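Enquirer: My structure is stored as run.cif, with mmCIF, C-alpha atoms and all ligand atoms.
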data_coords
#
loop_
_atom_site.label_atom_id
_atom_site.label_comp_id
_atom_site.auth_asym_id
_atom_site.auth_seq_id
_atom_site.Cartn_x
_atom_site.Cartn_y
_atom_site.Cartn_z
CA MET A 243 13.07 82.89 94.07
CA LYS A 244 15.93 85.37 94.65
CA PHE A 245 18.46 85.59 91.81
CA ALA A 246 21.31 84.43 94.12
CA GLN A 247 19.30 81.31 95.09
CA TYR A 248 18.60 80.67 91.43
CA LEU A 249 22.33 80.84 90.64
CA LEU A 250 23.08 78.38 93.47
CA MET A 251 20.41 76.04 92.17
CA ILE A 252 21.64 76.05 88.58
CA ASN A 253 25.20 75.32 89.67
CA ASN A 254 23.96 72.18 91.42
CA GLU A 255 24.81 69.10 89.33
CA GLU A 256 21.41 67.55 90.10
CA PHE A 257 19.83 70.09 87.82
CA GLN A 258 21.88 69.14 84.76
CA ASP A 259 19.68 68.16 81.84
CA GLU A 260 20.13 66.48 78.48
CA ILE A 261 21.28 69.48 76.50
CA GLY A 262 23.02 71.34 79.31
CA ASP A 263 20.15 73.80 79.76
CA ASN A 264 19.87 73.36 83.53
CA HIS A 265 19.84 77.12 84.01
CA ILE A 266 17.15 77.80 81.39
CA SER A 267 13.65 78.32 82.82
CA THR A 268 11.12 75.56 82.15
CA ASN A 269 9.11 77.62 79.69
CA ALA A 270 12.23 78.50 77.67
CA LYS A 271 13.52 74.95 77.27
CA ASN A 272 13.51 73.21 73.90
CA PRO A 273 11.21 70.18 73.87
CA VAL A 274 14.00 67.58 73.98
CA ARG A 275 13.39 63.93 74.88
CA GLU A 276 15.20 62.34 77.82
CA ASP A 277 16.96 59.89 75.52
CA ALA A 278 18.39 62.69 73.36
CA PHE A 279 21.91 61.39 73.95
CA SER A 280 21.29 57.65 73.89
CA ILE A 281 23.05 57.56 70.51
CA THR A 282 26.16 59.35 69.26
CA ASP A 283 26.26 62.08 66.61
CA GLU A 284 27.71 59.58 64.13
CA GLU A 285 24.81 57.18 64.76
CA LYS A 286 22.35 60.05 64.34
CA ILE A 287 23.92 60.90 60.98
CA GLU A 288 23.55 57.29 59.79
CA LYS A 289 19.85 57.19 60.79
CA ILE A 290 19.00 60.61 59.33
CA LYS A 291 20.81 59.74 56.11
CA LYS A 292 18.39 56.83 55.56
CA ASP A 293 15.41 59.06 56.41
CA VAL A 294 16.47 61.75 53.93
CA GLU A 295 17.09 59.08 51.31
CA ASN A 296 13.55 57.84 51.88
CA ILE A 297 12.02 61.30 51.52
CA LEU A 298 13.86 61.91 48.25
CA LEU A 299 12.96 58.48 46.88
CA THR A 300 9.31 59.04 47.81
CA LEU A 301 9.46 62.33 45.91
CA GLY A 302 10.62 60.33 42.93
CA MET A 303 14.23 61.47 42.76
CA ASP A 304 16.91 59.29 41.16
CA LEU A 305 19.59 59.03 43.82
CA THR A 306 22.05 57.34 41.50
CA ASP A 307 22.40 60.69 39.71
CA ASP A 308 25.88 62.10 40.23
CA SER A 309 24.62 65.36 41.63
CA MET A 310 22.28 63.80 44.21
CA LYS A 311 23.99 60.65 45.35
CA GLY A 312 25.74 62.44 48.19
CA THR A 313 22.69 64.43 49.25
CA PRO A 314 21.31 62.18 52.04
CA ASN A 315 24.69 62.07 53.76
CA ARG A 316 25.28 65.79 53.19
CA VAL A 317 21.91 66.74 54.67
CA ALA A 318 22.31 64.39 57.65
CA LYS A 319 25.77 65.81 58.46
CA MET A 320 24.48 69.36 58.07
CA PHE A 321 21.55 68.70 60.45
CA VAL A 322 23.61 67.10 63.21
CA LYS A 323 26.85 69.08 62.99
CA GLU A 324 25.68 72.47 61.77
CA MET A 325 21.99 73.49 61.73
CA PHE A 326 21.16 71.61 64.95
CA GLY A 327 24.64 71.41 66.47
CA GLY A 328 23.43 73.55 69.39
CA LEU A 329 21.54 70.55 70.77
CA ASN A 330 24.90 69.04 71.70
CA PRO A 331 26.00 70.35 75.12
CA ASP A 332 29.66 69.69 74.24
CA LYS A 333 29.38 72.46 71.66
CA LYS A 334 28.26 75.03 74.22
CA PRO A 335 30.75 77.95 74.13
CA LYS A 336 32.81 78.60 77.23
CA ALA A 337 31.40 81.91 78.34
CA SER A 338 34.62 83.10 79.94
CA THR A 339 34.23 86.15 82.15
CA PHE A 340 36.80 88.25 83.98
CA GLU A 341 36.95 90.93 86.69
CA ASN A 342 35.68 94.36 85.71
CA ASN A 343 39.04 95.85 86.78
CA TYR A 344 38.51 99.04 84.83
CA LYS A 345 35.22 99.61 86.71
CA TYR A 346 33.26 100.28 83.53
CA GLY A 347 29.79 101.00 84.86
CA GLU A 348 27.67 101.71 81.77
CA MET A 349 25.82 99.23 79.60
CA LEU A 350 27.71 97.29 76.97
CA VAL A 351 25.88 96.54 73.75
CA GLU A 352 26.91 93.91 71.21
CA LYS A 353 24.71 94.75 68.24
CA ASN A 354 24.01 93.37 64.78
CA ILE A 355 25.03 89.83 65.70
CA THR A 356 24.36 87.69 62.63
CA LEU A 357 21.71 85.11 63.37
CA TYR A 358 20.94 81.96 61.42
CA SER A 359 18.42 79.66 63.00
CA THR A 360 15.78 77.17 61.93
CA CYS A 361 12.04 77.46 62.50
CA GLU A 362 10.88 74.33 64.29
CA HIS A 363 7.47 74.40 62.62
CA HIS A 364 8.67 74.16 59.02
CA LEU A 365 12.42 73.52 59.35
CA LEU A 366 13.03 76.61 57.23
CA PRO A 367 15.67 79.27 57.95
CA ILE A 368 15.29 82.20 60.30
CA ILE A 369 17.76 84.91 59.26
CA GLY A 370 18.33 88.10 61.16
CA ARG A 371 20.21 90.08 63.75
CA ALA A 372 20.44 89.77 67.50
CA HIS A 373 21.38 92.65 69.76
CA VAL A 374 22.44 91.92 73.33
CA ALA A 375 23.36 94.18 76.22
CA TYR A 376 24.35 93.91 79.85
CA ILE A 377 25.37 96.06 82.78
CA SER A 378 28.26 94.56 84.74
CA SER A 379 27.82 93.67 88.39
CA GLY A 380 31.55 92.95 88.72
CA ARG A 381 32.29 90.51 85.89
CA VAL A 382 32.73 91.26 82.19
CA ILE A 383 32.51 88.84 79.30
CA GLY A 384 34.66 88.56 76.16
CA LEU A 385 32.79 90.26 73.33
CA SER A 386 32.92 87.32 70.94
CA LYS A 387 31.39 85.06 73.60
CA MET A 388 28.10 86.94 73.20
CA ASN A 389 28.09 86.21 69.45
CA ARG A 390 28.94 82.57 70.23
CA ILE A 391 26.11 82.23 72.74
CA VAL A 392 23.63 83.61 70.19
CA ASP A 393 24.93 81.15 67.60
CA HIS A 394 24.79 78.17 70.00
CA TYR A 395 21.11 78.60 70.88
CA ALA A 396 20.24 79.51 67.28
CA LYS A 397 21.57 76.14 66.12
CA ARG A 398 18.49 74.27 67.25
CA PRO A 399 14.95 73.87 65.97
CA GLN A 400 13.60 77.12 67.40
CA VAL A 401 10.86 79.63 67.87
CA GLN A 402 12.16 83.17 68.08
CA GLU A 403 10.57 83.96 71.44
CA ARG A 404 12.30 81.01 73.14
CA LEU A 405 15.64 81.75 71.49
CA THR A 406 15.54 85.34 72.79
CA MET A 407 14.88 84.15 76.34
CA GLN A 408 17.60 81.48 76.22
CA ILE A 409 20.25 84.00 75.17
CA VAL A 410 19.33 86.29 78.06
CA GLN A 411 19.26 83.47 80.62
CA GLU A 412 22.64 82.10 79.53
CA LEU A 413 24.25 85.56 79.77
CA GLN A 414 22.64 86.12 83.17
CA ARG A 415 24.17 82.85 84.35
CA ALA A 416 27.61 83.63 82.92
CA LEU A 417 27.71 87.20 84.24
CA GLY A 418 25.95 86.61 87.57
CA THR A 419 23.52 89.46 87.00
CA GLU A 420 19.91 89.91 85.97
CA ASP A 421 20.82 93.06 84.04
CA VAL A 422 20.84 91.55 80.54
CA ALA A 423 18.69 92.26 77.49
CA CYS A 424 18.27 90.88 73.99
CA VAL A 425 16.35 92.02 70.93
CA ILE A 426 16.10 89.89 67.80
CA ASP A 427 14.86 91.11 64.43
CA ALA A 428 14.60 88.23 61.98
CA LYS A 429 12.98 87.03 58.80
CA HIS A 430 11.29 83.65 58.83
CA LEU A 431 11.44 82.05 55.41
CA CYS A 432 8.28 80.12 56.30
CA VAL A 433 6.50 83.49 56.22
CA ASN A 434 8.60 85.14 53.48
CA SER A 435 8.99 82.38 50.89
CA ARG A 436 5.98 80.09 51.31
CA GLY A 437 2.51 80.22 52.86
CA ILE A 438 1.57 83.91 53.02
CA LYS A 439 4.80 84.75 51.07
CA ASP A 440 5.25 88.17 52.64
CA ILE A 441 8.83 88.93 51.68
CA GLU A 442 8.96 92.25 53.55
CA SER A 443 7.84 91.30 57.05
CA SER A 444 10.21 90.47 59.88
CA THR A 445 9.67 89.50 63.50
CA VAL A 446 10.97 91.43 66.49
CA THR A 447 11.24 89.82 69.93
CA SER A 448 12.77 91.13 73.13
CA GLU A 449 13.62 90.09 76.64
CA PHE A 450 14.58 92.65 79.26
CA GLY A 451 16.05 91.50 82.58
CA GLY A 452 16.71 93.47 85.78
CA LYS A 453 17.60 97.13 85.16
CA PHE A 454 16.56 96.82 81.51
CA LYS A 455 12.93 96.70 82.62
CA ASP A 456 13.41 100.32 83.69
CA ALA A 457 12.07 102.64 80.95
CA GLN A 458 15.16 104.86 80.71
CA THR A 459 17.65 101.97 80.53
CA LYS A 460 15.49 100.18 77.99
CA ARG A 461 15.28 103.37 75.90
CA GLU A 462 19.07 103.78 75.96
CA PHE A 463 19.55 100.22 74.70
CA LEU A 464 16.92 100.60 71.98
CA ASP A 465 18.50 103.90 70.88
CA TYR A 466 21.89 102.19 70.50
CA ILE A 467 20.53 99.44 68.31
CA LYS A 468 18.09 101.50 66.20
CA LEU A 469 16.17 98.79 64.39
CA ASP A 470 17.04 99.83 60.87
CA THR A 471 19.08 96.76 60.03
CA GLN A 472 18.86 95.35 56.56
CA PHE A 473 19.45 91.68 55.93
N1 LIG B 1 5.22 82.46 67.50
C1 LIG B 1 6.00 81.97 66.52
N2 LIG B 1 5.43 81.44 65.43
C2 LIG B 1 6.25 80.98 64.47
C3 LIG B 1 7.64 81.04 64.53
N3 LIG B 1 8.14 80.52 63.40
C4 LIG B 1 7.09 80.16 62.65
N4 LIG B 1 5.93 80.43 63.28
C5 LIG B 1 4.53 80.23 62.88
O1 LIG B 1 4.07 78.95 63.22
C6 LIG B 1 2.81 78.82 62.61
C7 LIG B 1 2.51 77.39 62.27
O2 LIG B 1 1.16 77.40 61.88
P1 LIG B 1 0.39 76.23 61.10
O3 LIG B 1 -0.96 76.76 60.77
O4 LIG B 1 0.48 74.96 61.87
O5 LIG B 1 1.30 76.04 59.80
P2 LIG B 1 0.95 76.39 58.30
O6 LIG B 1 -0.34 75.74 57.89
O7 LIG B 1 2.15 76.04 57.48
O8 LIG B 1 0.74 77.95 58.39
P3 LIG B 1 1.05 79.10 57.33
O9 LIG B 1 2.48 79.50 57.52
O10 LIG B 1 0.11 80.20 57.72
O11 LIG B 1 0.78 78.53 55.95
C8 LIG B 1 2.83 79.75 61.40
O12 LIG B 1 1.91 80.79 61.62
C9 LIG B 1 4.26 80.30 61.42
O13 LIG B 1 4.36 81.61 60.91
C10 LIG B 1 8.21 81.62 65.70
O14 LIG B 1 9.43 81.73 65.87
N5 LIG B 1 7.35 82.07 66.66
ZN ZN B 2 8.14 78.24 60.13
#
Go ahead and express the file in the form of C-alpha cells.
Ligand SMILES: Nc1nc2c(ncn2[C@@H]2O[C@H](COP(=O)(O)OP(=O)(O)OP(=O)(O)O)[C@@H](O)[C@H]2O)c(=O)[nH]1
Ligand SMILES: [Zn+2]

Expert:
Amino acid sequence: MKFAQYLLMINNEEFQDEIGDNHISTNAKNPVREDAFSITDEEKIEKIKKDVENILLTLGMDLTDDSMKGTPNRVAKMFVKEMFGGLNPDKKPKASTFENNYKYGEMLVEKNITLYSTCEHHLLPIIGRAHVAYISSGRVIGLSKMNRIVDHYAKRPQVQERLTMQIVQELQRALGTEDVACVIDAKHLCVNSRGIKDIESSTVTSEFGGKFKDAQTKREFLDYIKLDTQF
C-alpha cells in the first residue's frame, strides 16, 4: 500500500480501535482485548486494589500494618494512572505540527529521551533512552511532542521491539512522512536484577523508515546519537 493511501485509511473513523492505535500496524499493536474500555479507570483501580491485596495476603503480609495498609490502593492507582496510563487513548499527546516555514531541510534528532517502560513478561521496569529523528516533508513537530509520544507508548506493558515501532509509526502519522527513525537503548530489570542477573547488558532496538533506510542517512543519525549513554 502507498503511504498516502495508508494515511487516508488511518484517518478513517472505521479503523479506530480500543486504545486509539488505528494507525499502528497489526504486528506492532499491543495485545489488548476488545472490552478494554468496558469499565472506567476508577473501576479498574477498585478491582486491581483487591487483586493486589490478595497477592500480598497470600504472601503472608499483614495489611493492617501502618506502612502497608495503603499499598493495594497505591499500586492499583500507579498501574492505571501511571505505569500503564498509555493504554488510555484520552492520554495520547496531541502531536501538534506546523508548517516548515523556515524550510529546514536536514534531519532533526531528539536524542537521549528518558524512557521508563514496563516489560510485559515480568512486569519489571525497562529503563533507558530513546533517540528519534525525522526529515520534514513540509510539517514540523514541537520538540517536546516527541518526548511525549515516547512516554505515551512506554506507559504500557511492552516489549522493546514493539515500542520502537509504535513510536516511529505515530510520528509518521503526525508528520505525514515515512522519513522517521527511532533507536532505543534500555536496561531490562528482568535481565539485570533477576534471572540471569546481568547488570551490565542493555538492549538496542531500531526502526528506520523511508530515507533512514538509506545507508548514509542512517549513518548520520547514528553518528548524532553515539550510543555511549549511561543510565
Ligand atoms: N524480545 C524481547 N524479550 C524480552 C523483552 N523483555 C523481556 N524479554 C524476555 O522475555 C523472556 C521471557 O522468557 P521466559 O523463559 O518465559 O521467562 P523466564 O523463565 O523468567 O526467563 P529468564 O529471564 O531467562 O529467567 C526472557 O528471556 C526475557 O529476557 C523484550 O522487550 N523483548
Ligand atoms: Zn521481563

Enquirer: Work out how far CA of Lys439 (chain A) is from atom C3 of ligand LIG 1 (chain B), in Å to one decimal.

Expert: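 Those two atoms sit 14.2 Å apart.
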
Enquirer: With all atoms listed in the file as the basis for distance, which of A:Asn330, A:Gln400, A:Ser448, A:Thr282 is at the shortest distance from Val374 (chain A)?

Expert: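 Closest to Val374 (chain A) of all the choices is A:Ser448.
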
Enquirer: Counting all atoms listed in the file, which protein, DNA or RNA residues come within 12 Å of ligand ZN 2 (chain B), given as a list of chain:residue names?

Expert: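 Based on all atoms listed in the file, ligand ZN 2 (chain B) is surrounded within 12 Å by A:Ser359, A:Thr360, A:Cys361, A:Glu362, A:His363, A:His364, A:Leu365, A:Leu366, A:Pro367, A:Ile368, A:Ile369, A:Pro399, A:Gln400, A:Val401, A:Gln402, A:Lys429, A:His430, A:Leu431, A:Cys432, A:Val433, A:Asn434, A:Ser435, A:Arg436, A:Gly437, A:Ile438, A:Lys439, A:Thr445.
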
Enquirer: Neighbouring residues of region 452-456 of chain A were defined as those with any atom within 6 Å, considering all atoms listed in the file; residues of the same chain fewer than 2 positions away were excluded. Please report them as a tab-separated table (two decimals) with C-alpha atoms, keeping the file's coordinate frame.

Expert:
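Result file follows (selection.tsv):
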chain	number	residue	atom	x	y	z
A	420	GLU	CA	19.91	89.91	85.97
A	421	ASP	CA	20.82	93.06	84.04
A	450	PHE	CA	14.58	92.65	79.26
A	458	GLN	CA	15.16	104.86	80.71
A	459	THR	CA	17.65	101.97	80.53
A	460	LYS	CA	15.49	100.18	77.99

Enquirer: Just to confirm, what's the straight-line distance from atom O10 of ligand LIG 1 (chain B) to CA of Glu442 (chain A) in Å (one decimal)?

Expert: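 CA of Glu442 (chain A) lies 15.5 Å from atom O10 of ligand LIG 1 (chain B).
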
Enquirer: Please list as a list of chain:residue names every residue within 8 Å of Gly380 (chain A), counting all atoms listed in the file and excluding residues in the same chain fewer than 3 positions away.

Expert: A:Glu341, A:Asn342, A:Lys345

Enquirer: Could you pull region 347-406 of chain A out of the structure just shown and give C-alpha atoms as an mmCIF file, in the first residue's frame?

Expert:
data_model
loop_
_atom_site.group_PDB
_atom_site.id
_atom_site.type_symbol
_atom_site.label_atom_id
_atom_site.label_comp_id
_atom_site.auth_asym_id
_atom_site.auth_seq_id
_atom_site.Cartn_x
_atom_site.Cartn_y
_atom_site.Cartn_z
ATOM 1 C CA GLY A 347 15.654 20.521 5.094
ATOM 2 C CA GLU A 348 18.059 18.450 7.211
ATOM 3 C CA MET A 349 17.216 15.757 9.724
ATOM 4 C CA LEU A 350 16.126 16.734 13.207
ATOM 5 C CA VAL A 351 17.223 14.481 16.039
ATOM 6 C CA GLU A 352 15.697 14.444 19.518
ATOM 7 C CA LYS A 353 18.182 12.349 21.464
ATOM 8 C CA ASN A 354 18.545 10.960 24.968
ATOM 9 C CA ILE A 355 14.813 10.942 25.641
ATOM 10 C CA THR A 356 14.344 9.383 29.074
ATOM 11 C CA LEU A 357 12.413 6.153 28.812
ATOM 12 C CA TYR A 358 10.617 4.305 31.588
ATOM 13 C CA SER A 359 8.559 1.357 30.490
ATOM 14 C CA THR A 360 7.444 -1.997 31.844
ATOM 15 C CA CYS A 361 8.371 -5.414 30.468
ATOM 16 C CA GLU A 362 5.166 -7.297 29.752
ATOM 17 C CA HIS A 363 6.735 -10.662 30.563
ATOM 18 C CA HIS A 364 7.709 -9.915 34.156
ATOM 19 C CA LEU A 365 6.103 -6.517 34.850
ATOM 20 C CA LEU A 366 9.536 -5.194 35.765
ATOM 21 C CA PRO A 367 10.948 -1.818 34.660
ATOM 22 C CA ILE A 368 12.657 -1.082 31.377
ATOM 23 C CA ILE A 369 14.874 1.979 31.827
ATOM 24 C CA GLY A 370 16.760 3.654 29.044
ATOM 25 C CA ARG A 371 16.999 6.264 26.348
ATOM 26 C CA ALA A 372 15.128 6.722 23.101
ATOM 27 C CA HIS A 373 16.514 8.684 20.179
ATOM 28 C CA VAL A 374 14.155 9.789 17.425
ATOM 29 C CA ALA A 375 14.739 11.597 14.148
ATOM 30 C CA TYR A 376 12.782 12.780 11.147
ATOM 31 C CA ILE A 377 13.230 14.656 7.911
ATOM 32 C CA SER A 378 10.410 17.113 7.260
ATOM 33 C CA SER A 379 8.241 16.755 4.183
ATOM 34 C CA GLY A 380 6.567 20.105 4.897
ATOM 35 C CA ARG A 381 5.403 19.827 8.504
ATOM 36 C CA VAL A 382 7.471 20.143 11.686
ATOM 37 C CA ILE A 383 6.566 18.946 15.152
ATOM 38 C CA GLY A 384 7.087 20.621 18.541
ATOM 39 C CA LEU A 385 10.196 19.108 20.110
ATOM 40 C CA SER A 386 8.549 18.129 23.383
ATOM 41 C CA LYS A 387 5.841 16.235 21.489
ATOM 42 C CA MET A 388 8.456 13.648 20.502
ATOM 43 C CA ASN A 389 9.351 13.085 24.174
ATOM 44 C CA ARG A 390 5.621 12.864 24.972
ATOM 45 C CA ILE A 391 4.982 10.291 22.241
ATOM 46 C CA VAL A 392 7.837 8.129 23.554
ATOM 47 C CA ASP A 393 6.414 8.390 27.070
ATOM 48 C CA HIS A 394 2.856 7.570 25.960
ATOM 49 C CA TYR A 395 3.757 4.288 24.256
ATOM 50 C CA ALA A 396 6.240 3.419 27.016
ATOM 51 C CA LYS A 397 3.424 3.562 29.584
ATOM 52 C CA ARG A 398 2.064 0.168 28.615
ATOM 53 C CA PRO A 399 3.088 -3.427 29.217
ATOM 54 C CA GLN A 400 5.691 -3.592 26.451
ATOM 55 C CA VAL A 401 8.375 -5.396 24.553
ATOM 56 C CA GLN A 402 11.086 -3.082 23.325
ATOM 57 C CA GLU A 403 10.791 -4.057 19.667
ATOM 58 C CA ARG A 404 7.088 -3.146 19.552
ATOM 59 C CA LEU A 405 7.599 0.097 21.451
ATOM 60 C CA THR A 406 10.256 1.197 18.937
#
